[in-house]
>>> print(open('start-v8.cif').read())   # mmCIF, C-alpha atoms
data_data
loop_
_atom_site.label_atom_id
_atom_site.label_comp_id
_atom_site.auth_asym_id
_atom_site.auth_seq_id
_atom_site.Cartn_x
_atom_site.Cartn_y
_atom_site.Cartn_z
CA MET A 1 26.67 10.68 6.04
CA ARG A 2 27.58 7.27 7.37
CA THR A 3 29.21 4.92 4.91
CA LEU A 4 26.85 2.22 3.69
CA ARG A 5 28.05 -0.99 2.09
CA LEU A 6 26.02 -2.06 -0.92
CA VAL A 7 25.45 -5.78 -1.17
CA PHE A 8 23.86 -6.60 -4.50
CA ALA A 9 25.69 -9.61 -5.94
CA ALA A 10 23.89 -12.93 -6.15
CA THR A 11 25.05 -15.39 -3.52
CA ALA A 12 27.02 -18.48 -4.49
CA ALA A 13 24.38 -20.72 -2.99
CA ALA A 14 22.21 -22.56 -5.50
CA LEU A 15 18.63 -21.39 -5.82
CA LEU A 16 15.95 -23.77 -4.66
CA PHE A 17 14.36 -23.63 -8.11
CA ALA A 18 15.08 -22.13 -11.48
CA GLY A 19 12.46 -19.64 -12.56
CA ALA A 20 11.02 -19.46 -16.01
CA ALA A 21 9.44 -16.10 -16.64
CA LEU A 22 5.78 -16.10 -15.69
CA GLY A 23 2.98 -14.45 -17.60
CA ALA A 24 1.55 -11.02 -16.94
CA PRO A 25 -0.20 -10.68 -13.57
CA ALA A 26 -3.97 -11.15 -13.38
CA SER A 27 -6.18 -9.87 -10.61
CA THR A 28 -7.60 -13.30 -9.71
CA ASP A 29 -4.54 -15.55 -9.70
CA ASN A 30 -1.86 -13.02 -8.75
CA TRP A 31 -1.48 -10.05 -6.42
CA PRO A 32 1.37 -8.09 -8.04
CA SER A 33 1.32 -4.83 -6.08
CA PHE A 34 -0.07 -2.93 -3.11
CA ARG A 35 -3.84 -3.63 -2.99
CA GLY A 36 -3.65 -5.90 -6.05
CA ALA A 37 -3.43 -5.51 -9.80
CA ASP A 38 -6.30 -3.00 -10.00
CA ALA A 39 -5.67 -1.31 -6.61
CA MET A 40 -9.17 -2.36 -5.50
CA SER A 41 -8.34 -4.97 -2.78
CA VAL A 42 -11.23 -7.09 -4.01
CA ALA A 43 -10.91 -10.75 -5.01
CA ASP A 44 -13.28 -12.87 -7.06
CA ASP A 45 -15.58 -14.99 -4.93
CA ASP A 46 -13.94 -18.33 -4.19
CA PRO A 47 -14.98 -20.99 -1.66
CA ARG A 48 -11.30 -21.54 -0.85
CA LEU A 49 -10.99 -18.02 0.56
CA PRO A 50 -11.51 -18.21 4.32
CA ASP A 51 -13.99 -16.31 6.46
CA SER A 52 -12.34 -17.51 9.66
CA TRP A 53 -8.77 -18.17 10.72
CA SER A 54 -6.39 -18.09 13.68
CA THR A 55 -2.79 -19.05 14.36
CA GLU A 56 -3.95 -22.66 13.87
CA GLU A 57 -7.25 -22.62 11.92
CA ASN A 58 -7.08 -22.71 8.10
CA VAL A 59 -3.30 -22.17 8.18
CA VAL A 60 -1.56 -23.66 5.14
CA TRP A 61 1.77 -22.43 6.47
CA SER A 62 3.40 -19.65 8.44
CA VAL A 63 7.01 -18.51 8.22
CA ASP A 64 9.12 -16.21 10.34
CA VAL A 65 10.23 -13.02 8.60
CA PRO A 66 13.19 -11.45 10.41
CA GLY A 67 13.43 -7.74 11.11
CA LEU A 68 10.78 -5.06 10.69
CA GLY A 69 8.72 -4.35 7.62
CA TRP A 70 5.17 -3.13 7.06
CA SER A 71 5.34 -3.72 3.30
CA SER A 72 2.59 -5.97 1.99
CA PRO A 73 3.35 -9.35 0.46
CA ILE A 74 2.88 -9.72 -3.30
CA VAL A 75 2.12 -12.97 -5.10
CA LEU A 76 3.01 -14.10 -8.61
CA GLY A 77 2.34 -17.68 -9.66
CA ASP A 78 4.09 -19.99 -7.23
CA ARG A 79 6.05 -17.28 -5.39
CA VAL A 80 5.46 -14.77 -2.61
CA PHE A 81 7.74 -11.75 -2.17
CA VAL A 82 8.26 -9.53 0.87
CA THR A 83 10.83 -6.95 1.95
CA THR A 84 12.27 -6.36 5.39
CA VAL A 85 15.11 -4.64 7.25
CA TRP A 86 16.73 -6.25 10.24
CA SER A 87 19.17 -4.76 12.73
CA GLU A 88 22.18 -6.27 14.44
CA GLY A 89 21.34 -4.26 17.58
CA GLU A 90 18.35 -3.98 19.87
CA VAL A 91 15.21 -2.61 18.24
CA GLU A 92 12.57 -0.55 20.00
CA GLU A 93 9.26 -2.29 19.40
CA PRO A 94 6.50 -0.38 17.57
CA LYS A 95 3.59 0.70 19.75
CA LYS A 96 -0.06 0.36 18.79
CA GLY A 97 -2.53 3.21 18.72
CA LEU A 98 -2.05 6.92 18.11
CA TYR A 99 1.23 8.02 16.59
CA LEU A 100 1.96 10.63 19.27
CA GLY A 101 5.30 10.26 21.01
CA GLY A 102 6.83 8.12 18.28
CA ASN A 103 9.19 10.67 16.72
CA ARG A 104 12.78 9.41 16.67
CA MET A 105 14.94 12.15 15.17
CA GLN A 106 18.25 10.33 15.53
CA PRO A 107 18.82 7.24 13.39
CA SER A 108 20.16 4.08 14.96
CA ALA A 109 23.91 3.56 15.03
CA ASP A 110 23.48 -0.20 14.64
CA VAL A 111 24.15 -2.03 11.39
CA HIS A 112 20.96 -2.78 9.43
CA HIS A 113 20.32 -5.20 6.56
CA TRP A 114 17.87 -4.27 3.75
CA SER A 115 16.59 -7.52 2.22
CA VAL A 116 14.13 -9.09 -0.22
CA TYR A 117 12.68 -12.55 0.45
CA CYS A 118 10.97 -14.99 -1.89
CA PHE A 119 8.89 -17.92 -0.56
CA GLU A 120 7.18 -20.85 -2.27
CA VAL A 121 3.40 -20.54 -2.35
CA GLU A 122 2.89 -24.26 -1.86
CA THR A 123 5.10 -24.85 1.18
CA GLY A 124 6.28 -21.48 2.51
CA GLU A 125 9.86 -22.64 2.01
CA LYS A 126 12.32 -19.83 1.29
CA CYS A 127 13.34 -19.82 -2.37
CA TRP A 128 15.86 -17.02 -2.13
CA GLU A 129 16.97 -14.02 -0.12
CA ARG A 130 18.83 -11.01 -1.46
CA GLU A 131 20.43 -8.38 0.71
CA VAL A 132 20.72 -5.07 -1.12
CA LEU A 133 22.27 -2.86 1.54
CA THR A 134 24.18 -3.25 4.79
CA GLY A 135 25.12 -0.43 7.14
CA ALA A 136 23.93 1.99 9.78
CA PRO A 137 21.06 4.14 8.44
CA ASP A 138 21.74 7.85 8.04
CA PHE A 139 18.06 8.82 8.22
CA PRO A 140 15.52 8.30 11.01
CA ARG A 141 12.05 6.77 11.05
CA HIS A 142 8.98 7.04 13.25
CA LEU A 143 8.66 4.30 15.87
CA LYS A 144 5.64 2.86 14.04
CA ASN A 145 7.22 3.11 10.60
CA THR A 146 9.90 0.76 9.27
CA TYR A 147 12.71 0.98 6.74
CA ALA A 148 10.73 -1.52 4.61
CA SER A 149 7.23 -0.04 4.48
CA GLU A 150 7.04 0.23 0.67
CA THR A 151 5.39 -2.78 -0.99
CA PRO A 152 7.38 -4.30 -3.87
CA VAL A 153 5.79 -4.66 -7.30
CA THR A 154 6.13 -7.09 -10.22
CA ASP A 155 5.25 -6.89 -13.90
CA GLY A 156 5.52 -10.65 -14.40
CA GLU A 157 9.11 -10.38 -15.63
CA ARG A 158 10.94 -8.72 -12.74
CA VAL A 159 10.40 -7.86 -9.09
CA TYR A 160 11.08 -4.24 -8.07
CA ALA A 161 11.93 -3.65 -4.41
CA TYR A 162 11.86 0.01 -3.43
CA PHE A 163 13.26 1.16 -0.09
CA GLY A 164 12.40 4.89 0.16
CA ASN A 165 15.58 6.73 1.10
CA VAL A 166 17.84 3.97 -0.21
CA GLY A 167 16.79 3.18 -3.77
CA VAL A 168 15.03 0.68 -6.01
CA PHE A 169 16.41 -2.76 -6.92
CA ALA A 170 15.21 -4.95 -9.79
CA PHE A 171 15.51 -8.75 -9.75
CA THR A 172 14.51 -11.58 -12.01
CA LEU A 173 11.85 -13.83 -10.54
CA ASP A 174 14.55 -16.27 -9.46
CA GLY A 175 16.55 -13.62 -7.61
CA GLU A 176 19.19 -12.53 -10.11
CA PRO A 177 19.93 -8.79 -9.88
CA VAL A 178 19.03 -6.88 -13.06
CA TRP A 179 19.63 -3.23 -12.16
CA GLU A 180 19.68 -0.84 -9.24
CA ARG A 181 19.09 2.86 -8.84
CA ARG A 182 20.18 4.60 -5.66
CA PHE A 183 18.43 7.68 -4.27
CA GLU A 184 19.99 10.26 -2.01
CA ALA A 185 18.37 10.30 1.43
CA VAL A 186 16.05 13.26 2.02
CA PRO A 187 14.45 14.53 5.25
CA THR A 188 10.82 13.70 5.98
CA ARG A 189 8.35 15.43 8.29
CA TYR A 190 9.54 15.01 11.89
CA GLY A 191 11.80 12.18 10.71
CA TRP A 192 8.83 9.88 10.10
CA GLY A 193 10.44 8.14 7.12
CA THR A 194 8.99 6.95 3.82
CA ALA A 195 6.19 4.55 2.84
CA ALA A 196 4.66 5.26 -0.62
CA SER A 197 4.91 2.14 -2.79
CA PRO A 198 5.97 2.05 -6.46
CA ILE A 199 3.71 1.05 -9.35
CA VAL A 200 4.62 -0.39 -12.74
CA HIS A 201 2.69 -0.03 -15.98
CA ASP A 202 3.47 -0.51 -19.66
CA GLY A 203 7.23 -0.74 -19.14
CA GLN A 204 7.52 2.20 -16.75
CA LEU A 205 8.12 2.14 -13.00
CA TYR A 206 6.62 5.15 -11.18
CA ILE A 207 7.90 6.38 -7.81
CA VAL A 208 6.65 9.35 -5.77
CA ASN A 209 8.85 10.70 -2.97
CA ASP A 210 7.22 13.61 -1.14
CA ASN A 211 9.61 14.96 1.49
CA GLU A 212 10.80 18.13 3.26
CA ASP A 213 13.63 18.93 0.82
CA GLN A 214 12.49 18.53 -2.79
CA SER A 215 9.55 16.28 -3.52
CA TYR A 216 9.47 14.57 -6.90
CA MET A 217 7.86 11.98 -9.10
CA VAL A 218 10.13 9.89 -11.31
CA ALA A 219 9.45 7.41 -14.11
CA LEU A 220 12.07 4.72 -14.74
CA ASP A 221 12.45 2.28 -17.60
CA ALA A 222 11.38 -0.99 -15.99
CA ALA A 223 13.83 -3.03 -18.07
CA THR A 224 16.94 -0.92 -17.47
CA GLY A 225 16.31 1.50 -14.59
CA GLU A 226 17.05 4.47 -16.87
CA GLU A 227 15.32 7.67 -15.77
CA LEU A 228 12.71 8.62 -18.37
CA TRP A 229 11.35 11.75 -16.73
CA ARG A 230 11.19 13.51 -13.39
CA ASP A 231 8.77 16.13 -12.11
CA PRO A 232 9.69 18.31 -9.10
CA ARG A 233 6.64 18.62 -6.85
CA ASP A 234 5.68 21.54 -4.65
CA GLU A 235 4.73 19.32 -1.70
CA GLY A 236 5.83 18.46 1.80
CA SER A 237 5.96 14.90 3.11
CA ASN A 238 3.17 12.53 2.07
CA TRP A 239 2.86 8.77 1.92
CA ALA A 240 0.31 8.11 -0.85
CA THR A 241 1.03 5.42 -3.44
CA PRO A 242 0.33 6.66 -7.00
CA TYR A 243 -2.21 5.05 -9.32
CA VAL A 244 -2.44 4.45 -13.07
CA TRP A 245 -5.95 5.31 -14.25
CA GLU A 246 -6.82 3.68 -17.58
CA ASN A 247 -10.09 5.40 -18.39
CA GLU A 248 -12.21 5.58 -21.54
CA LEU A 249 -10.26 8.59 -22.86
CA ARG A 250 -6.61 8.07 -21.91
CA THR A 251 -4.12 6.65 -19.44
CA GLU A 252 -3.24 8.90 -16.50
CA VAL A 253 -0.83 8.65 -13.58
CA ILE A 254 -2.52 10.03 -10.46
CA THR A 255 -0.64 11.37 -7.45
CA VAL A 256 -2.11 12.69 -4.21
CA GLY A 257 -0.44 15.40 -2.13
CA THR A 258 -1.28 17.81 0.65
CA ASP A 259 -1.22 20.79 -1.69
CA GLN A 260 -2.48 19.27 -4.93
CA VAL A 261 -3.85 16.12 -6.51
CA ARG A 262 -2.15 15.84 -9.90
CA SER A 263 -2.71 13.85 -13.07
CA TYR A 264 0.17 13.23 -15.49
CA ASP A 265 0.28 11.57 -18.86
CA LYS A 266 2.80 8.79 -19.42
CA ASP A 267 5.41 11.33 -20.55
CA GLY A 268 5.16 13.37 -17.35
CA ASN A 269 3.03 16.22 -18.70
CA LEU A 270 0.57 17.66 -16.21
CA LEU A 271 -3.03 17.14 -17.35
CA TRP A 272 -5.06 18.52 -14.44
CA HIS A 273 -4.83 19.26 -10.74
CA PHE A 274 -6.88 20.39 -7.78
CA GLY A 275 -6.48 21.44 -4.15
CA GLY A 276 -8.55 20.81 -1.07
CA MET A 277 -6.95 17.80 0.59
CA SER A 278 -6.18 17.28 4.28
CA SER A 279 -2.73 18.12 5.64
CA ILE A 280 -1.37 14.56 5.26
CA ALA A 281 -2.10 12.32 2.25
CA ILE A 282 -1.80 8.53 2.63
CA PRO A 283 -4.69 6.59 0.95
CA GLN A 284 -4.12 5.42 -2.63
CA PRO A 285 -6.43 6.60 -5.43
CA PHE A 286 -8.41 3.97 -7.36
CA SER A 287 -11.18 3.80 -9.96
CA GLU A 288 -14.53 2.11 -10.55
CA TYR A 289 -17.71 2.88 -12.52
CA GLY A 290 -15.64 5.10 -14.82
CA LEU A 291 -14.76 7.42 -11.92
CA LEU A 292 -11.55 8.16 -10.05
CA TYR A 293 -11.77 8.21 -6.24
CA VAL A 294 -9.32 10.34 -4.26
CA SER A 295 -9.28 10.83 -0.49
CA SER A 296 -7.24 11.91 2.53
CA GLY A 297 -8.18 12.23 6.16
CA TYR A 298 -5.62 13.30 8.72
CA ILE A 299 -7.44 12.86 12.04
CA GLY A 300 -6.48 16.33 13.28
CA ASP A 301 -8.08 18.16 10.33
CA ARG A 302 -11.61 19.47 9.91
CA ILE A 303 -11.59 18.69 6.18
CA ARG A 304 -11.10 14.98 5.47
CA PRO A 305 -12.34 14.76 1.89
CA VAL A 306 -13.37 12.18 -0.67
CA TYR A 307 -13.69 13.19 -4.34
CA ALA A 308 -15.10 11.33 -7.33
CA ILE A 309 -13.63 12.59 -10.63
CA LYS A 310 -14.75 11.82 -14.18
CA PRO A 311 -12.36 11.46 -17.15
CA GLY A 312 -11.28 14.24 -19.46
CA ALA A 313 -10.39 17.00 -17.01
CA GLU A 314 -7.94 19.76 -17.90
CA GLY A 315 -6.21 22.45 -15.86
CA ASP A 316 -7.30 23.45 -12.38
CA ILE A 317 -10.50 21.66 -11.35
CA THR A 318 -10.52 22.79 -7.70
CA LEU A 319 -13.98 23.18 -6.21
CA GLU A 320 -15.04 26.71 -5.35
CA GLU A 321 -16.00 27.40 -1.75
CA ASP A 322 -19.34 25.76 -0.90
CA GLN A 323 -19.33 23.76 -4.14
CA GLN A 324 -20.09 20.03 -3.88
CA SER A 325 -19.41 19.30 -7.55
CA ASN A 326 -18.36 20.92 -10.82
CA ARG A 327 -17.84 19.89 -14.43
CA TRP A 328 -15.24 17.29 -13.47
CA VAL A 329 -15.90 16.58 -9.79
CA VAL A 330 -18.97 14.34 -9.75
CA TRP A 331 -19.33 14.38 -5.97
CA TYR A 332 -17.48 15.48 -2.87
CA GLN A 333 -17.78 14.50 0.78
CA PRO A 334 -15.85 16.88 3.07
CA GLN A 335 -15.54 14.57 6.09
CA ALA A 336 -15.64 11.00 4.78
CA GLY A 337 -11.90 10.39 4.28
CA SER A 338 -9.66 8.10 6.33
CA TYR A 339 -6.13 8.79 7.59
CA ASN A 340 -4.23 5.58 6.83
CA PRO A 341 -6.52 2.93 5.26
CA THR A 342 -7.52 3.27 1.63
CA PRO A 343 -11.31 3.07 1.10
CA LEU A 344 -12.92 0.16 -0.72
CA ILE A 345 -15.68 -0.22 -3.32
CA TYR A 346 -17.46 -3.55 -3.16
CA ARG A 347 -20.86 -4.59 -4.48
CA ASP A 348 -21.92 -1.04 -5.27
CA ARG A 349 -20.95 0.44 -1.92
CA PHE A 350 -18.06 2.76 -1.01
CA TYR A 351 -16.72 1.61 2.36
CA THR A 352 -14.38 3.65 4.55
CA LEU A 353 -12.43 2.26 7.49
CA LEU A 354 -11.49 4.99 9.94
CA ASP A 355 -8.31 4.64 11.99
CA ARG A 356 -10.03 4.74 15.36
CA GLY A 357 -12.32 1.80 14.68
CA PHE A 358 -15.33 3.22 12.85
CA PHE A 359 -16.81 2.14 9.51
CA THR A 360 -19.01 4.00 7.00
CA ALA A 361 -20.76 3.27 3.70
CA HIS A 362 -21.69 5.59 0.82
CA ASP A 363 -23.09 5.27 -2.66
CA PRO A 364 -20.02 5.33 -4.96
CA LYS A 365 -21.92 6.93 -7.85
CA THR A 366 -23.51 9.81 -5.94
CA GLY A 367 -21.65 10.08 -2.62
CA ALA A 368 -24.92 9.73 -0.70
CA GLU A 369 -24.56 8.25 2.77
CA VAL A 370 -25.80 4.67 3.13
CA TYR A 371 -24.91 4.53 6.80
CA GLY A 372 -22.80 6.83 8.94
CA LYS A 373 -20.09 6.02 11.46
CA ARG A 374 -20.54 2.62 13.09
CA ARG A 375 -18.18 1.44 15.80
CA ILE A 376 -16.66 -1.88 14.79
CA GLU A 377 -16.21 -3.09 18.37
CA ARG A 378 -15.73 -1.20 21.58
CA GLY A 379 -12.02 -1.30 22.42
CA SER A 380 -11.14 -2.64 18.97
CA GLY A 381 -7.95 -0.57 18.84
CA ALA A 382 -6.39 1.30 15.93
CA PHE A 383 -6.52 0.40 12.21
CA THR A 384 -3.76 1.06 9.68
CA ALA A 385 -4.07 -1.75 7.09
CA SER A 386 -6.52 -1.17 4.25
CA PRO A 387 -9.71 -3.29 4.06
CA TRP A 388 -10.29 -6.04 1.50
CA ALA A 389 -13.33 -7.99 0.28
CA TYR A 390 -14.57 -11.27 -1.17
CA ASN A 391 -17.48 -13.72 -0.80
CA GLY A 392 -19.93 -10.99 0.19
CA LYS A 393 -17.89 -9.75 3.12
CA VAL A 394 -15.51 -6.88 3.93
CA PHE A 395 -12.51 -7.59 6.16
CA VAL A 396 -10.76 -5.02 8.37
CA LEU A 397 -7.52 -5.78 10.23
CA SER A 398 -6.64 -3.95 13.42
CA GLU A 399 -3.18 -3.23 14.76
CA ASP A 400 -3.94 -5.78 17.49
CA GLY A 401 -4.04 -8.49 14.83
CA ASP A 402 -7.82 -8.89 14.94
CA THR A 403 -9.68 -9.12 11.63
CA PHE A 404 -13.34 -8.13 11.85
CA VAL A 405 -15.64 -9.61 9.22
CA ILE A 406 -18.39 -7.20 8.10
CA ALA A 407 -21.35 -8.21 5.94
CA ALA A 408 -21.48 -6.25 2.68
CA GLY A 409 -24.74 -4.39 2.20
CA ASP A 410 -26.85 -1.50 3.40
CA GLU A 411 -26.90 -2.53 7.06
CA PHE A 412 -23.79 -2.59 9.24
CA GLU A 413 -23.20 -5.99 10.82
CA VAL A 414 -20.03 -7.58 12.18
CA VAL A 415 -20.37 -11.32 11.54
CA GLY A 416 -16.98 -12.61 12.67
CA LYS A 417 -13.66 -11.91 14.33
CA ASN A 418 -10.34 -13.64 13.71
CA SER A 419 -7.31 -13.10 15.96
CA LEU A 420 -3.61 -13.62 15.31
CA ASP A 421 -2.37 -12.26 18.66
CA GLU A 422 0.35 -10.07 17.14
CA MET A 423 0.62 -6.51 15.88
CA CYS A 424 -0.38 -5.99 12.23
CA MET A 425 -0.09 -2.93 10.01
CA SER A 426 0.41 -4.50 6.56
CA THR A 427 -2.42 -4.74 4.05
CA PRO A 428 -2.96 -8.42 3.14
CA ALA A 429 -2.71 -10.04 -0.30
CA ILE A 430 -5.17 -12.43 -1.95
CA ALA A 431 -4.29 -14.82 -4.76
CA ASP A 432 -5.61 -18.07 -6.21
CA GLY A 433 -7.84 -19.00 -3.30
CA SER A 434 -5.44 -17.98 -0.53
CA LEU A 435 -5.17 -15.05 1.87
CA TYR A 436 -1.72 -13.81 2.93
CA ILE A 437 -1.39 -11.80 6.15
CA ARG A 438 1.85 -10.34 7.48
CA THR A 439 2.18 -9.80 11.22
CA ARG A 440 5.02 -8.24 13.20
CA SER A 441 7.13 -11.39 12.88
CA LYS A 442 5.39 -13.81 10.50
CA LEU A 443 3.84 -14.30 7.10
CA TYR A 444 0.73 -16.53 6.99
CA ARG A 445 -0.99 -18.26 4.11
CA PHE A 446 -4.63 -19.12 4.86
CA THR A 447 -7.03 -21.23 2.83
CA ASN A 448 -10.42 -22.68 3.67
CA GLN A 449 -9.23 -26.22 4.21
CA GLY A 450 -12.66 -27.74 3.62
CA ALA A 451 -13.24 -26.17 0.20
CA SER A 452 -12.08 -26.92 -3.31
CA ALA A 453 -11.62 -24.70 -6.31
CA GLY A 454 -14.60 -26.33 -8.03
CA PRO A 455 -14.84 -27.72 -11.57
#
>>> encode(input="start-v8.cif", output="structure tokens")
Amino acid sequence: MRTLRLVFAATAAALLFAGAALGAPASTDNWPSFRGADAMSVADDDPRLPDSWSTEENVVWSVDVPGLGWSSPIVLGDRVFVTTVWSEGEVEEPKKGLYLGGNRMQPSADVHHWSVYCFEVETGEKCWEREVLTGAPDFPRHLKNTYASETPVTDGERVYAYFGNVGVFAFTLDGEPVWERRFEAVPTRYGWGTAASPIVHDGQLYIVNDNEDQSYMVALDAATGEELWRDPRDEGSNWATPYVWENELRTEVITVGTDQVRSYDKDGNLLWHFGGMSSIAIPQPFSEYGLLYVSSGYIGDRIRPVYAIKPGAEGDITLEEDQQSNRWVVWYQPQAGSYNPTPLIYRDRFYTLLDRGFFTAHDPKTGAEVYGKRRIERGSGAFTASPWAYNGKVFVLSEDGDTFVIAAGDEFEVVGKNSLDEMCMSTPAIADGSLYIRTRSKLYRFTNQGASAGP
């Protein structure tokens, strides 16, 4: 293993502002984690949220973010946080489209820098930067992956930056290090690397690392980094972010894997599980209408399922062959899942963005098809970022940097297209009337410049 130099002390430079602790995140004003506070990627309607943008239109600011990172931005109050890793050597550029041919089994010998950035919401000015690790990586990554693909998370008191095979690092909101916890690097399928983001809930930070050595889920004390419990998982590599499901009966931590979907209580006890997923799990679970929605959809598999689960399950709830439902599975669609993007529920419709540029809609309560596969635009390229919604529209961002605007409803209609002319794979953030999109090299803040927040 190459020697890595840990850099975790605060710099001597003065911070641009002193940070008083902010309140707990809210879904409207803050975007504290991957796909938002409720993992729904839906924002309240707001005339300030733009339907159209470009590199010049409705831009409040844009800033350069050095290095490579497909982690999403998160927003808390007057601050935006992103992670990135930059190299001192030449970097092979990621390629759009299918992932074939992107395996890179040997890690780079160049020195890399794992970093966390904080920007001001108002101006885009950098508030602080913290480098947590410097050295040559001793684990590879796929050409389209990065060493900073996990989205950070905040609980309103601290920011937690997780870098897969490196570790997790906790900071105060003004950049002071609080604690760190290093993880030993583990091999992933074909050297693809890691990407599942952490989540934080009720004082616990949850991390899932599914790999080719020993997969596990771990719960850490958010205040101290102390390990509270760990569950070894019988899984190979997956990249699905876990989800905390607060239902009418109890609070559950949901994890998705190739072999099993599992539900744990907050102490790490297994509540229920089921099989029947595709061979790679990436989309995050989420809930609405009192149901839990779970999906996976590797493009090479025949079964690309979506499940809707009701609360209260126990033990093995796997569907029998030819079953479409059982006591706990309300509905099941065997070929409605997506590979990378997480589906979206908006205005009583379950929307799925498929990686190759198709879009579908189902009834979220019954699973009935509203409309089948519709091509977004001929030649629209590949899609990795998850869709989002507000103001009666669903937005889907292609790897080409084109966002297609789709009218919500029972008829498929593309009503707009916004181009940023640069590769995009990060899922955007939405907070307090602004949309934040990360491209290959920049972070943008967009707002409808002609609108106001209202009375």
>>> resolve_selection(input="start-v8.cif", expression="the PyMOL selection byres ((chain A and resi 273) around 10)", output="VMD selection string")
chain A and resid 254 to 256 259 to 264 270 to 272 274 to 275 313 to 318
>>> closest_residue(input="start-v8.cif", among="A:Glu150, A:Glu422, A:Asp301, A:Glu56", to="Gln335 in chain A", atoms="all atoms listed in the file")
A:Asp301
>>> resolve_selection(input="start-v8.cif", expression="the PyMOL selection byres ((chain A and resi 159-161) around 7)", output="list in words")
Pro152, Val153, Thr154, Arg158, Tyr162, Phe163, Val168, Phe169, Ala170, Phe171, Thr172 and Leu173 of chain A
>>> resolve_selection(input="start-v8.cif", expression="the PyMOL selection byres ((chain A and resi 91-103) around 7)", output="count of residues only")
13
>>> residues_near_point(input="start-v8.cif", point="(-27.5, 2.2, 5.9)", cutoff="12 Å", atoms="all atoms listed in the file", output="PyMOL selection string")
chain A and resi 349-351+359-363+368-374+408-413
>>> residues_around(input="start-v8.cif", residues="Ser380 in chain A", least_positions_apart="5", cutoff="10 Å", atoms="all atoms listed in the file", output="ChimeraX atom specification")
/A:356-358,375,397-400,402-404
>>> closest_residue(input="start-v8.cif", among="A:Ile437, A:Ala43, A:Val294, A:Val132", to="Trp70 in chain A", atoms="all atoms listed in the file")
A:Ile437
>>> build_atoms(input="start-v8.cif", residues="range 133-144 of chain A", atoms="N, CA and C atoms", output="mmCIF file, in the frame of the given file")
data_model
loop_
_atom_site.group_PDB
_atom_site.id
_atom_site.type_symbol
_atom_site.label_atom_id
_atom_site.label_comp_id
_atom_site.auth_asym_id
_atom_site.auth_seq_id
_atom_site.Cartn_x
_atom_site.Cartn_y
_atom_site.Cartn_z
ATOM 1 N N LEU A 133 21.543 -3.929 0.853
ATOM 2 C CA LEU A 133 22.270 -2.860 1.540
ATOM 3 C C LEU A 133 22.574 -3.295 2.961
ATOM 4 N N THR A 134 23.783 -2.988 3.411
ATOM 5 C CA THR A 134 24.180 -3.250 4.790
ATOM 6 C C THR A 134 24.880 -2.016 5.335
ATOM 7 N N GLY A 135 24.476 -1.576 6.516
ATOM 8 C CA GLY A 135 25.120 -0.430 7.140
ATOM 9 C C GLY A 135 24.211 0.220 8.156
ATOM 10 N N ALA A 136 24.740 1.223 8.837
ATOM 11 C CA ALA A 136 23.930 1.990 9.780
ATOM 12 C C ALA A 136 23.153 3.044 9.004
ATOM 13 N N PRO A 137 21.853 3.150 9.193
ATOM 14 C CA PRO A 137 21.060 4.140 8.440
ATOM 15 C C PRO A 137 21.467 5.560 8.786
ATOM 16 N N ASP A 138 21.436 6.442 7.800
ATOM 17 C CA ASP A 138 21.740 7.850 8.040
ATOM 18 C C ASP A 138 20.483 8.710 7.961
ATOM 19 N N PHE A 139 19.322 8.093 8.180
ATOM 20 C CA PHE A 139 18.060 8.820 8.220
ATOM 21 C C PHE A 139 17.155 8.116 9.226
ATOM 22 N N PRO A 140 16.346 8.886 9.955
ATOM 23 C CA PRO A 140 15.520 8.300 11.010
ATOM 24 C C PRO A 140 14.194 7.769 10.473
ATOM 25 N N ARG A 141 13.401 7.207 11.360
ATOM 26 C CA ARG A 141 12.050 6.770 11.050
ATOM 27 C C ARG A 141 11.201 6.888 12.313
ATOM 28 N N HIS A 142 9.903 7.039 12.120
ATOM 29 C CA HIS A 142 8.980 7.040 13.250
ATOM 30 C C HIS A 142 8.954 5.648 13.873
ATOM 31 N N LEU A 143 8.672 5.574 15.160
ATOM 32 C CA LEU A 143 8.660 4.300 15.870
ATOM 33 C C LEU A 143 7.715 3.299 15.217
ATOM 34 N N LYS A 144 6.597 3.772 14.655
ATOM 35 C CA LYS A 144 5.640 2.860 14.040
ATOM 36 C C LYS A 144 5.918 2.621 12.556
#
